[in-house]
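J.: What follows is upload_33.pdb; its format and atoms are PDB, C-alpha atoms.
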```pdb
ATOM      1  CA  MET A   1      11.365  11.519  29.996
ATOM      2  CA  THR A   2       8.370  11.316  27.653
ATOM      3  CA  PHE A   3       8.578  12.511  24.053
ATOM      4  CA  THR A   4       6.866  12.067  20.682
ATOM      5  CA  ALA A   5       8.640  10.571  17.676
ATOM      6  CA  ARG A   6       8.148   8.904  14.314
ATOM      7  CA  ILE A   7       8.876   5.233  13.665
ATOM      8  CA  ILE A   8      11.482   5.305  10.891
ATOM      9  CA  ALA A   9      12.355   1.599  10.890
ATOM     10  CA  ALA A  10      10.515  -1.542  11.953
ATOM     11  CA  PHE A  11      12.152  -4.973  12.060
ATOM     12  CA  GLY A  12       9.616  -7.109  13.878
ATOM     13  CA  ARG A  13       9.573  -5.663  17.404
ATOM     14  CA  HIS A  14      12.912  -3.900  16.868
ATOM     15  CA  LEU A  15      12.224  -0.254  16.072
ATOM     16  CA  VAL A  16      14.108   2.954  15.376
ATOM     17  CA  VAL A  17      12.414   6.219  16.348
ATOM     18  CA  ARG A  18      13.332   9.816  15.501
ATOM     19  CA  ASP A  19      12.217  12.720  17.650
ATOM     20  CA  ALA A  20      11.466  16.325  16.668
ATOM     21  CA  GLN A  21      15.142  17.280  17.152
ATOM     22  CA  GLY A  22      16.243  14.592  14.698
ATOM     23  CA  ILE A  23      17.714  12.301  17.355
ATOM     24  CA  GLU A  24      17.356   8.605  16.494
ATOM     25  CA  ARG A  25      17.081   5.868  19.123
ATOM     26  CA  SER A  26      16.548   2.126  19.222
ATOM     27  CA  ALA A  27      13.113   1.311  20.620
ATOM     28  CA  ARG A  28      10.682  -1.468  21.418
ATOM     29  CA  PRO A  29       6.889  -1.492  21.866
ATOM     30  CA  PHE A  30       5.855  -1.500  25.518
ATOM     31  CA  GLY A  31       3.544  -4.479  25.826
ATOM     32  CA  ARG A  32       2.720  -7.293  23.437
ATOM     33  CA  LYS A  33      -0.587  -5.865  22.234
ATOM     34  CA  LEU A  34       0.769  -2.571  20.914
ATOM     35  CA  GLN A  35       0.854  -2.703  17.108
ATOM     36  CA  VAL A  36       3.437  -0.271  15.724
ATOM     37  CA  VAL A  37       4.527   0.134  12.090
ATOM     38  CA  CYS A  38       6.881   2.286  10.081
ATOM     39  CA  GLY A  39       5.519   5.805   9.640
ATOM     40  CA  ASP A  40       3.634   5.854  12.932
ATOM     41  CA  GLN A  41       3.772   8.886  15.212
ATOM     42  CA  VAL A  42       4.209   7.580  18.744
ATOM     43  CA  THR A  43       4.714   8.515  22.374
ATOM     44  CA  CYS A  44       7.915   7.190  23.938
ATOM     45  CA  GLU A  45       9.620   6.934  27.304
ATOM     46  CA  ILE A  46      13.372   6.555  27.810
ATOM     47  CA  ASP A  47      14.604   3.296  29.342
ATOM     48  CA  ALA A  48      18.006   4.443  30.651
ATOM     49  CA  ARG A  49      18.970   0.979  31.889
ATOM     50  CA  HIS A  50      18.899  -0.525  28.392
ATOM     51  CA  ASP A  51      19.758   2.646  26.437
ATOM     52  CA  GLU A  52      16.590   2.481  24.380
ATOM     53  CA  ALA A  53      13.096   3.945  24.195
ATOM     54  CA  HIS A  54       9.798   2.261  24.981
ATOM     55  CA  VAL A  55       6.928   3.066  22.644
ATOM     56  CA  THR A  56       3.932   3.459  24.940
ATOM     57  CA  ALA A  57       1.207   4.697  22.582
ATOM     58  CA  VAL A  58       0.453   5.183  18.887
ATOM     59  CA  LEU A  59      -0.953   8.597  17.983
ATOM     60  CA  PRO A  60      -3.998   8.767  15.643
ATOM     61  CA  ARG A  61      -3.078   7.833  12.080
ATOM     62  CA  ASP A  62      -3.954  10.024   9.102
ATOM     63  CA  SER A  63      -3.952   6.929   6.904
ATOM     64  CA  CYS A  64      -2.769   3.345   7.042
ATOM     65  CA  LEU A  65      -2.267   0.401   4.714
ATOM     66  CA  TYR A  66      -3.724  -2.789   6.220
ATOM     67  CA  ARG A  67      -3.511  -6.389   5.096
ATOM     68  CA  THR A  68      -4.978  -9.722   6.160
ATOM     69  CA  ASN A  69      -2.246 -11.963   7.575
ATOM     70  CA  LEU A  70      -1.944 -15.764   7.449
ATOM     71  CA  ARG A  71      -4.072 -16.063  10.609
ATOM     72  CA  ALA A  72      -6.847 -14.087   8.868
ATOM     73  CA  ASP A  73      -6.269 -11.183  11.263
ATOM     74  CA  GLU A  74      -6.131  -7.525  10.271
ATOM     75  CA  GLU A  75      -2.583  -6.171  10.351
ATOM     76  CA  ALA A  76      -1.197  -2.687   9.743
ATOM     77  CA  VAL A  77       1.678  -2.487   7.235
ATOM     78  CA  VAL A  78       2.757   1.183   7.071
ATOM     79  CA  ALA A  79       1.116   4.331   8.425
ATOM     80  CA  ASN A  80       0.522   7.997   7.626
ATOM     81  CA  LEU A  81       1.035   7.617   3.877
ATOM     82  CA  THR A  82       0.021  10.144   1.263
ATOM     83  CA  LEU A  83       1.245   8.246  -1.811
ATOM     84  CA  MET A  84       1.440   4.551  -2.700
ATOM     85  CA  LEU A  85       3.866   3.616  -5.495
ATOM     86  CA  VAL A  86       2.576   0.280  -6.806
ATOM     87  CA  THR A  87       5.590  -1.158  -8.598
ATOM     88  CA  LEU A  88       5.611  -3.757 -11.363
ATOM     89  CA  ALA A  89       7.931  -4.900 -14.141
ATOM     90  CA  PRO A  90       7.772  -7.170 -17.194
ATOM     91  CA  LEU A  91       9.785  -9.708 -15.192
ATOM     92  CA  PRO A  92       8.731 -11.241 -12.900
ATOM     93  CA  VAL A  93       5.419 -11.509 -14.728
ATOM     94  CA  PRO A  94       3.001  -9.225 -12.850
ATOM     95  CA  ASP A  95       0.067 -10.666 -10.965
ATOM     96  CA  LEU A  96      -2.458  -7.982 -11.878
ATOM     97  CA  PHE A  97      -4.924  -9.234  -9.286
ATOM     98  CA  VAL A  98      -2.339  -8.377  -6.610
ATOM     99  CA  ILE A  99      -1.916  -4.945  -8.209
ATOM    100  CA  ASP A 100      -5.696  -4.484  -8.059
ATOM    101  CA  ARG A 101      -5.769  -5.339  -4.370
ATOM    102  CA  TYR A 102      -3.082  -2.806  -3.531
ATOM    103  CA  LEU A 103      -4.977  -0.151  -5.474
ATOM    104  CA  ALA A 104      -8.251  -1.095  -3.775
ATOM    105  CA  ALA A 105      -6.649  -0.811  -0.339
ATOM    106  CA  ALA A 106      -5.169   2.578  -1.244
ATOM    107  CA  ALA A 107      -8.437   3.990  -2.561
ATOM    108  CA  SER A 108     -10.358   2.747   0.477
ATOM    109  CA  ALA A 109      -7.815   4.364   2.809
ATOM    110  CA  GLY A 110      -7.782   7.693   0.953
ATOM    111  CA  ILE A 111      -4.191   7.224  -0.231
ATOM    112  CA  ARG A 112      -3.219   8.413  -3.725
ATOM    113  CA  ALA A 113      -1.736   5.665  -5.876
ATOM    114  CA  THR A 114       0.590   5.727  -8.881
ATOM    115  CA  LEU A 115       1.766   2.766 -10.927
ATOM    116  CA  VAL A 116       5.550   2.618 -11.300
ATOM    117  CA  LEU A 117       6.538   0.620 -14.388
ATOM    118  CA  ASN A 118      10.102  -0.366 -13.564
ATOM    119  CA  LYS A 119      12.644  -1.999 -15.910
ATOM    120  CA  CYS A 120      11.195  -0.026 -18.806
ATOM    121  CA  GLU A 121      14.377  -0.723 -20.797
ATOM    122  CA  LEU A 122      13.112  -4.309 -21.202
ATOM    123  CA  PRO A 123      10.470  -5.316 -23.781
ATOM    124  CA  TRP A 124       6.917  -5.239 -22.407
ATOM    125  CA  PRO A 125       4.468  -7.786 -23.880
ATOM    126  CA  PRO A 126       1.648  -6.125 -25.882
ATOM    127  CA  GLU A 127      -1.000  -7.913 -23.812
ATOM    128  CA  LEU A 128       0.463  -6.454 -20.628
ATOM    129  CA  LEU A 129       0.520  -2.959 -22.130
ATOM    130  CA  ALA A 130      -3.143  -3.406 -23.066
ATOM    131  CA  GLU A 131      -3.991  -4.297 -19.464
ATOM    132  CA  LEU A 132      -2.042  -1.292 -18.185
ATOM    133  CA  ALA A 133      -4.069   0.950 -20.486
ATOM    134  CA  ALA A 134      -7.154  -0.070 -18.488
ATOM    135  CA  TYR A 135      -5.628   1.501 -15.366
ATOM    136  CA  THR A 136      -4.963   4.732 -17.233
ATOM    137  CA  ALA A 137      -8.556   4.770 -18.473
ATOM    138  CA  VAL A 138      -9.807   4.513 -14.892
ATOM    139  CA  GLY A 139      -7.667   7.479 -13.858
ATOM    140  CA  TYR A 140      -4.481   6.016 -12.386
ATOM    141  CA  ALA A 141      -1.248   7.840 -13.197
ATOM    142  CA  HIS A 142       1.818   5.853 -14.156
ATOM    143  CA  LEU A 143       5.543   6.446 -14.497
ATOM    144  CA  ALA A 144       7.846   4.411 -16.746
ATOM    145  CA  VAL A 145      11.244   4.216 -15.045
ATOM    146  CA  SER A 146      14.490   2.311 -15.018
ATOM    147  CA  ALA A 147      16.825   2.244 -12.053
ATOM    148  CA  LYS A 148      19.398   0.640 -14.365
ATOM    149  CA  THR A 149      19.432   3.323 -17.093
ATOM    150  CA  ASP A 150      18.111   6.335 -15.109
ATOM    151  CA  ILE A 151      15.078   6.702 -17.385
ATOM    152  CA  GLY A 152      12.223   8.474 -15.623
ATOM    153  CA  MET A 153      14.014   8.720 -12.283
ATOM    154  CA  ALA A 154      13.866  12.534 -12.178
ATOM    155  CA  GLN A 155      10.096  12.337 -12.726
ATOM    156  CA  LEU A 156       9.773   9.710  -9.986
ATOM    157  CA  ARG A 157      11.757  11.884  -7.584
ATOM    158  CA  ALA A 158       9.523  14.868  -8.404
ATOM    159  CA  ALA A 159       6.378  12.753  -7.905
ATOM    160  CA  CYS A 160       7.485  11.908  -4.353
ATOM    161  CA  ALA A 161       8.401  15.454  -3.328
ATOM    162  CA  GLY A 162       6.456  16.593  -0.277
ATOM    163  CA  ASP A 163       4.775  13.210   0.196
ATOM    164  CA  ILE A 164       5.171  10.252   2.505
ATOM    165  CA  ALA A 165       5.414   7.591  -0.180
ATOM    166  CA  VAL A 166       5.779   3.824  -0.011
ATOM    167  CA  PHE A 167       6.942   1.340  -2.619
ATOM    168  CA  VAL A 168       4.824  -1.819  -2.683
ATOM    169  CA  GLY A 169       4.748  -4.737  -5.084
ATOM    170  CA  GLN A 170       5.827  -8.274  -5.758
ATOM    171  CA  SER A 171       9.294  -9.553  -4.926
ATOM    172  CA  GLY A 172      11.817  -9.002  -7.703
ATOM    173  CA  VAL A 173      10.272  -5.926  -9.337
ATOM    174  CA  GLY A 174      13.222  -3.750  -8.284
ATOM    175  CA  LYS A 175      11.817  -1.651  -5.445
ATOM    176  CA  SER A 176      15.082  -1.730  -3.508
ATOM    177  CA  SER A 177      17.010  -0.611  -6.596
ATOM    178  CA  LEU A 178      14.645   2.340  -6.988
ATOM    179  CA  VAL A 179      15.071   3.255  -3.324
ATOM    180  CA  SER A 180      18.860   3.038  -3.628
ATOM    181  CA  HIS A 181      18.729   5.332  -6.663
ATOM    182  CA  LEU A 182      16.558   7.913  -4.897
ATOM    183  CA  VAL A 183      18.370   7.603  -1.562
ATOM    184  CA  PRO A 184      22.033   6.668  -2.222
ATOM    185  CA  GLU A 185      22.767   6.075   1.470
ATOM    186  CA  ALA A 186      19.878   3.607   1.847
ATOM    187  CA  ASP A 187      22.004   0.453   1.506
ATOM    188  CA  ILE A 188      24.526   1.690   4.064
ATOM    189  CA  ARG A 189      21.917   2.734   6.619
ATOM    190  CA  THR A 190      19.904  -0.463   6.271
ATOM    191  CA  GLY A 191      23.065  -2.575   6.559
ATOM    192  CA  GLU A 192      24.091  -0.789   9.757
ATOM    193  CA  LEU A 193      20.637  -1.230  11.247
ATOM    194  CA  MET A 194      20.477  -4.907  10.323
ATOM    195  CA  ARG A 195      23.874  -5.626  11.863
ATOM    196  CA  SER A 196      22.656  -4.050  15.093
ATOM    197  CA  GLN A 197      19.595  -6.347  15.129
ATOM    198  CA  GLU A 198      21.166  -9.795  14.938
ATOM    199  CA  GLY A 199      18.863 -12.545  13.715
ATOM    200  CA  THR A 200      16.403 -10.214  11.972
ATOM    201  CA  HIS A 201      15.666 -10.736   8.281
ATOM    202  CA  THR A 202      15.569  -7.934   5.720
ATOM    203  CA  THR A 203      12.370  -9.367   4.227
ATOM    204  CA  THR A 204      10.495  -8.338   7.369
ATOM    205  CA  ALA A 205      11.902  -4.826   7.391
ATOM    206  CA  SER A 206      10.368  -1.455   6.562
ATOM    207  CA  ARG A 207      12.506   1.684   6.556
ATOM    208  CA  LEU A 208      11.687   5.379   6.089
ATOM    209  CA  TYR A 209      14.180   7.597   4.284
ATOM    210  CA  ASP A 210      14.293  11.356   3.828
ATOM    211  CA  LEU A 211      14.316  12.601   0.238
ATOM    212  CA  ALA A 212      16.691  15.359  -0.791
ATOM    213  CA  GLY A 213      13.898  17.279  -2.525
ATOM    214  CA  GLY A 214      11.570  17.051   0.472
ATOM    215  CA  GLY A 215       9.224  14.305   1.578
ATOM    216  CA  HIS A 216       9.894  10.768   2.756
ATOM    217  CA  LEU A 217      10.103   7.349   1.166
ATOM    218  CA  ILE A 218       9.307   3.997   2.802
ATOM    219  CA  ASP A 219      10.709   0.747   1.444
ATOM    220  CA  SER A 220       8.478  -2.222   2.273
ATOM    221  CA  PRO A 221       9.080  -5.964   1.864
ATOM    222  CA  GLY A 222       8.257  -7.590  -1.457
ATOM    223  CA  VAL A 223       5.367 -10.054  -1.465
ATOM    224  CA  ARG A 224       4.108 -13.036  -3.411
ATOM    225  CA  ASP A 225       0.527 -12.114  -2.627
ATOM    226  CA  PHE A 226      -1.341  -9.337  -0.886
ATOM    227  CA  ALA A 227      -4.755  -9.606   0.742
ATOM    228  CA  PRO A 228      -6.222  -6.292   1.900
ATOM    229  CA  ALA A 229      -7.952  -6.113   5.255
ATOM    230  CA  LEU A 230     -11.540  -6.606   4.130
ATOM    231  CA  SER A 231     -13.099  -4.616   6.959
ATOM    232  CA  ARG A 232     -11.096  -1.586   5.780
ATOM    233  CA  LEU A 233     -12.397  -1.673   2.199
ATOM    234  CA  GLU A 234     -15.065   0.777   1.045
ATOM    235  CA  PRO A 235     -18.146  -1.514   1.189
ATOM    236  CA  THR A 236     -19.895  -0.425  -2.024
ATOM    237  CA  SER A 237     -16.984  -0.373  -4.487
ATOM    238  CA  LEU A 238     -14.288  -2.256  -2.515
ATOM    239  CA  GLY A 239     -11.930   0.502  -3.676
ATOM    240  CA  PHE A 240     -12.367  -0.088  -7.443
ATOM    241  CA  LEU A 241     -12.582   3.382  -8.989
ATOM    242  CA  GLU A 242     -14.630   2.348 -12.021
ATOM    243  CA  VAL A 243     -17.165   0.643  -9.746
ATOM    244  CA  ALA A 244     -17.432   3.736  -7.534
ATOM    245  CA  GLN A 245     -17.942   5.895 -10.632
ATOM    246  CA  ARG A 246     -20.909   3.848 -11.859
ATOM    247  CA  ALA A 247     -22.489   2.623  -8.602
ATOM    248  CA  PRO A 248     -24.757   5.709  -8.269
ATOM    249  CA  GLY A 249     -26.546   4.535 -11.419
ATOM    250  CA  CYS A 250     -27.536   1.166  -9.942
ATOM    251  CA  ARG A 251     -31.183   0.451  -9.171
ATOM    252  CA  PHE A 252     -30.398  -0.609  -5.593
ATOM    253  CA  ASP A 253     -28.278   1.540  -3.314
ATOM    254  CA  ASP A 254     -26.779  -1.580  -1.671
ATOM    255  CA  CYS A 255     -26.084  -3.273  -5.004
ATOM    256  CA  ARG A 256     -23.231  -5.777  -4.886
ATOM    257  CA  HIS A 257     -22.684  -5.414  -8.660
ATOM    258  CA  LEU A 258     -22.891  -9.158  -9.270
ATOM    259  CA  LYS A 259     -26.339 -10.419 -10.361
ATOM    260  CA  GLU A 260     -28.697  -7.678  -9.189
ATOM    261  CA  PRO A 261     -31.200  -6.286 -11.730
ATOM    262  CA  GLY A 262     -30.590  -2.733 -12.856
ATOM    263  CA  CYS A 263     -26.882  -2.845 -12.019
ATOM    264  CA  ALA A 264     -25.024  -0.063 -13.834
ATOM    265  CA  VAL A 265     -21.648  -1.629 -13.053
ATOM    266  CA  ARG A 266     -22.522  -5.002 -14.582
ATOM    267  CA  ALA A 267     -24.036  -3.288 -17.596
ATOM    268  CA  ALA A 268     -20.810  -1.315 -18.074
ATOM    269  CA  SER A 269     -18.797  -4.522 -17.902
ATOM    270  CA  GLU A 270     -21.015  -6.277 -20.434
ATOM    271  CA  SER A 271     -20.763  -3.341 -22.846
ATOM    272  CA  GLY A 272     -16.972  -3.160 -22.528
ATOM    273  CA  GLN A 273     -16.882   0.155 -20.668
ATOM    274  CA  ILE A 274     -15.242  -1.635 -17.724
ATOM    275  CA  ASN A 275     -12.225  -3.825 -18.383
ATOM    276  CA  PRO A 276     -13.391  -7.463 -18.033
ATOM    277  CA  ARG A 277     -10.321  -8.591 -16.095
ATOM    278  CA  ARG A 278     -10.718  -5.690 -13.650
ATOM    279  CA  TYR A 279     -14.390  -6.596 -13.211
ATOM    280  CA  GLU A 280     -13.439 -10.227 -12.539
ATOM    281  CA  SER A 281     -10.914  -8.958 -10.006
ATOM    282  CA  TYR A 282     -13.701  -7.019  -8.286
ATOM    283  CA  ARG A 283     -15.936 -10.127  -8.312
ATOM    284  CA  ARG A 284     -13.235 -12.247  -6.662
ATOM    285  CA  LEU A 285     -12.701  -9.692  -3.921
ATOM    286  CA  ARG A 286     -16.473  -9.278  -3.436
ATOM    287  CA  ARG A 287     -16.915 -13.038  -2.976
ATOM    288  CA  LEU A 288     -14.133 -13.071  -0.406
ATOM    289  CA  PHE A 289     -15.647 -10.020   1.288
ATOM    290  CA  GLU A 290     -18.991 -11.794   1.652
ATOM    291  CA  THR A 291     -17.577 -15.214   2.524
ATOM    292  CA  LEU A 292     -15.975 -13.739   5.614
ATOM    293  CA  GLY A 293     -19.274 -12.243   6.742
ATOM    294  CA  SER A 294     -18.653  -8.600   5.958
ATOM    295  CA  HIS A 295     -21.967  -8.180   4.154
ATOM    296  CA  ASP A 296     -25.545  -8.871   5.194
ATOM    297  CA  GLY A 297     -26.298 -10.698   1.936
ATOM    298  CA  GLY A 298     -28.652  -8.032   0.670
ATOM    299  CA  ALA A 299     -31.447  -8.496   3.199
ATOM    300  CA  GLY A 300     -33.947  -5.687   3.070
ATOM    301  CA  ARG A 301     -32.693  -4.329  -0.256
ATOM    302  CA  LYS A 302     -34.483  -1.199  -1.353
ATOM    303  CA  PRO A 303     -34.534   0.539  -4.722
ATOM    304  CA  ARG A 304     -32.473   3.703  -4.993
ATOM    305  CA  PRO A 305     -34.672   6.819  -5.001
ATOM    306  CA  ARG A 306     -35.097   8.238  -8.495
TER     307      ARG A 306
END
```
In structure tokens, how does this file's structure come out?
T.:
Amino acid sequence: MTFTARIIAAFGRHLVVRDAQGIERSARPFGRKLQVVCGDQVTCEIDARHDEAHVTAVLPRDSCLYRTNLRADEEAVVANLTLMLVTLAPLPVPDLFVIDRYLAAAASAGIRATLVLNKCELPWPPELLAELAAYTAVGYAHLAVSAKTDIGMAQLRAACAGDIAVFVGQSGVGKSSLVSHLVPEADIRTGELMRSQEGTHTTTASRLYDLAGGGHLIDSPGVRDFAPALSRLEPTSLGFLEVAQRAPGCRFDDCRHLKEPGCAVRAASESGQINPRRYESYRRLRRLFETLGSHDGGAGRKPRPR
């Protein structure tokens, strides 16, 4: 029997799929080359001998978050998202360059992104609040929440309604606590699934949950670092909204926004219209983008028509 389903849990090559009737089954990808992630819509066949399903094909994705893995290969993380909840807290101290890379990946993939400021009951350093103001100025929404005190949780639940949302961020920022607050049965369901997959670690797991108010929520592993898949980034702005906003004013239509004459982005940075740390974050990602051969180095550059 062949049927279509959604991947609702991925623990390495151990999967759980749910079909249109709501029936959930254990599953495995059919073949080593098939890359399947949580959120994927897939085609399956029943393997009656082993009481599981084989995922035989991945249906076209509406969107996907990709990263570069330790082997420098492109790797899908979660699929078919409509909202990325980039989560940070005063402790552990946020790596804002990692935040920038998540936001760049989201913008390049056409995924809406919101900053979730968790542990808002704790004091936030003034310098961190000043940096967060730069995201607001660019146009990113944010929600101040606390899973511990319930502050902002109703607003977070409303923000996820009707979406397929994913929590991403560094380890220790409290994503799992937020998921448990929004989906009280999350701990029980994840525990049951983990016990059925002996030897699998929770840090490699992604799980999709249904929200009571409509929509779905994916919990993803915490990270120390995140490197977006460079080939998936928008080549002109690399997914930085303030760069995309000003790039049309550059003299050259293939401007890298580094040292080129007539660069509107660099001029905005020098005048303080673009946050200097955000611009440095763009420069770091641009250098990496070019080091790995994703740009032709500007050969044949032509002025933008005026």
J.: Smallest atom-to-atom distance to Ala104 of chain A: which of A:Leu122, A:Leu238, A:Ile274, A:Ala141, using only C-alpha atoms?
T.: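 Comparing A:Leu122, A:Leu238, A:Ile274, A:Ala141 against Ala104 of chain A, the winner is A:Leu238.
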J.: Do a neighbour search on segment 41-58 of chain A at 10 Å with all atoms listed in the file, toss out local chain neighbours closer than 2 positions, and write the hits as an MDAnalysis selection string.
T.: chainID A and resid 1:8 15:19 24:31 34:39 60:62 79:80
J.: Which one of A:Val138, A:Leu288, A:Ala89, A:Ala154 sits closest to Trp124 of chain A if you count only C-alpha atoms?
T.: A:Ala89
J.: What is the distance between atom CA of Leu85 of chain A and atom CA of Ala165 of chain A, in Å to one decimal?
T.: 6.8 Å
J.: Looking at all atoms listed in the file, which of A:Ala227, A:Leu103, A:Leu208, A:Val86 is the one that sits closest to Ala10 of chain A?
T.: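 Looking at the shortest contact to Ala10 of chain A, the residue is A:Leu208.
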J.: For Ala113 of chain A, work out the shell of residues within 12 Å, counting only C-alpha atoms and skipping chain neighbours fewer than 4 positions away, then give it as a PyMOL selection string.
T.: chain A and resi 65+81-87+99-109+135-136+139-143+159-160+163-168+239+241
J.: Have a look at A:Leu182, A:Val98, A:Cys120, A:Ala244 and name the one nearest to Ile218 of chain A; count all atoms listed in the file.
T.: A:Leu182
J.: Which value, in Å to one decimal, gives the distance between atom CA of Phe252 of chain A and atom CA of Leu233 of chain A?
T.: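 Pair atom CA of Phe252 of chain A / atom CA of Leu233 of chain A returns 19.6 Å.
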J.: One decimal, in Å: what's the spacing between atom CA of Cys263 of chain A and atom CA of Glu131 of chain A?
T.: 24.1 Å
J.: If you count all atoms listed in the file, which residues fall within 12 Å of Asn69 of chain A, apart from same-chain ones fewer than 5 positions away, as a list of chain:residue names?
T.: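 Answer for this query is A:Glu74, A:Glu75, A:Ala76, A:Val77, A:Val223, A:Asp225, A:Phe226, A:Ala227, A:Pro228, A:Ala229, A:Leu230.
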J.: Taking 5 positions as the minimum chain separation for residues in the same chain, which residues sit within 10 Å of Ala247 of chain A when counting all atoms listed in the file? Answer as a CSV table (one decimal) with C-alpha atoms, in the coordinates of the input.
T.:
```csv
chain,number,residue,atom,x,y,z
A,236,THR,CA,-19.9,-0.4,-2.0
A,237,SER,CA,-17.0,-0.4,-4.5
A,241,LEU,CA,-12.6,3.4,-9.0
A,242,GLU,CA,-14.6,2.3,-12.0
A,252,PHE,CA,-30.4,-0.6,-5.6
A,253,ASP,CA,-28.3,1.5,-3.3
A,254,ASP,CA,-26.8,-1.6,-1.7
A,255,CYS,CA,-26.1,-3.3,-5.0
A,256,ARG,CA,-23.2,-5.8,-4.9
A,257,HIS,CA,-22.7,-5.4,-8.7
A,263,CYS,CA,-26.9,-2.8,-12.0
A,264,ALA,CA,-25.0,-0.1,-13.8
A,265,VAL,CA,-21.6,-1.6,-13.1
A,266,ARG,CA,-22.5,-5.0,-14.6
```
J.: Return as number ranges by chain the set of residues that the PyMOL selection byres ((chain A and resi 93) around 10) yields on the displayed structure.
T.: A: 88-92, 94-96, 125, 128, 170, 172-173
J.: A:Leu129, A:Ala161, A:Ile23, A:Val243: which is nearest Ser281 of chain A, counting all atoms listed in the file?
T.: A:Val243
J.: Which of these, A:Lys259, A:Arg157, A:Arg277, A:Arg67, has the shortest distance to Ala130 of chain A once you count only C-alpha atoms?
T.: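 Of A:Lys259, A:Arg157, A:Arg277, A:Arg67, the one nearest Ala130 of chain A, counting only C-alpha atoms, is A:Arg277.
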J.: Can you spell out as a PyMOL selection string the set of residues that the PyMOL selection byres ((chain A and resi 262) around 6) selects in the structure I just provided?
T.: chain A and resi 250-251+261+263
J.: As lines of an AutoDock Vina configuration file, please report the centre and edge lengths, rounded to one decimal in Å, of the axis-aligned box that holds all listed atoms of segment 1-11 of chain A with 6 Å of padding on each of the six sides.
T.:
```
center_x = 9.6
center_y = 3.8
center_z = 20.4
size_x = 17.5
size_y = 29.5
size_z = 31.1
```
J.: Any chance you could work out the residue set of the PyMOL selection byres ((chain A and resi 118) around 6) here, as a list in words?
T.: Ala89, Val116, Leu117, Lys119, Cys120, Val145 and Ser146 of chain A
J.: Would you output segment 74-85 of chain A from that structure, restricted to N, CA and C atoms, as a PDB file, in the first residue's frame?
T.:
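This is the output file decode_11.pdb:
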```pdb
ATOM      1  N   GLU A  74      25.866  20.582   2.221  1.00  0.00           N
ATOM      2  CA  GLU A  74      24.562  21.176   2.476  1.00  0.00           C
ATOM      3  C   GLU A  74      23.635  20.133   3.089  1.00  0.00           C
ATOM      4  N   GLU A  75      22.896  20.530   4.125  1.00  0.00           N
ATOM      5  CA  GLU A  75      22.058  19.580   4.845  1.00  0.00           C
ATOM      6  C   GLU A  75      20.749  20.250   5.253  1.00  0.00           C
ATOM      7  N   ALA A  76      19.630  19.618   4.911  1.00  0.00           N
ATOM      8  CA  ALA A  76      18.330  20.135   5.325  1.00  0.00           C
ATOM      9  C   ALA A  76      18.155  19.922   6.825  1.00  0.00           C
ATOM     10  N   VAL A  77      17.463  20.861   7.485  1.00  0.00           N
ATOM     11  CA  VAL A  77      17.225  20.777   8.926  1.00  0.00           C
ATOM     12  C   VAL A  77      15.755  20.492   9.216  1.00  0.00           C
ATOM     13  N   VAL A  78      14.866  21.345   8.751  1.00  0.00           N
ATOM     14  CA  VAL A  78      13.416  21.162   8.867  1.00  0.00           C
ATOM     15  C   VAL A  78      12.775  21.740   7.611  1.00  0.00           C
ATOM     16  N   ALA A  79      11.595  21.224   7.253  1.00  0.00           N
ATOM     17  CA  ALA A  79      10.993  21.576   5.970  1.00  0.00           C
ATOM     18  C   ALA A  79       9.576  22.112   6.130  1.00  0.00           C
ATOM     19  N   ASN A  80       9.166  22.845   5.090  1.00  0.00           N
ATOM     20  CA  ASN A  80       7.789  23.348   4.957  1.00  0.00           C
ATOM     21  C   ASN A  80       7.387  24.289   6.087  1.00  0.00           C
ATOM     22  N   LEU A  81       8.342  25.124   6.503  1.00  0.00           N
ATOM     23  CA  LEU A  81       8.088  26.108   7.556  1.00  0.00           C
ATOM     24  C   LEU A  81       7.405  27.345   6.995  1.00  0.00           C
ATOM     25  N   THR A  82       6.654  28.012   7.866  1.00  0.00           N
ATOM     26  CA  THR A  82       6.157  29.350   7.537  1.00  0.00           C
ATOM     27  C   THR A  82       6.646  30.380   8.545  1.00  0.00           C
ATOM     28  N   LEU A  83       7.172  29.927   9.684  1.00  0.00           N
ATOM     29  CA  LEU A  83       7.609  30.851  10.729  1.00  0.00           C
ATOM     30  C   LEU A  83       8.800  30.270  11.476  1.00  0.00           C
ATOM     31  N   MET A  84       9.867  31.073  11.596  1.00  0.00           N
ATOM     32  CA  MET A  84      11.033  30.677  12.381  1.00  0.00           C
ATOM     33  C   MET A  84      11.074  31.531  13.638  1.00  0.00           C
ATOM     34  N   LEU A  85      11.099  30.870  14.803  1.00  0.00           N
ATOM     35  CA  LEU A  85      11.157  31.539  16.097  1.00  0.00           C
ATOM     36  C   LEU A  85      12.596  31.466  16.597  1.00  0.00           C
TER      37      LEU A  85
END
```
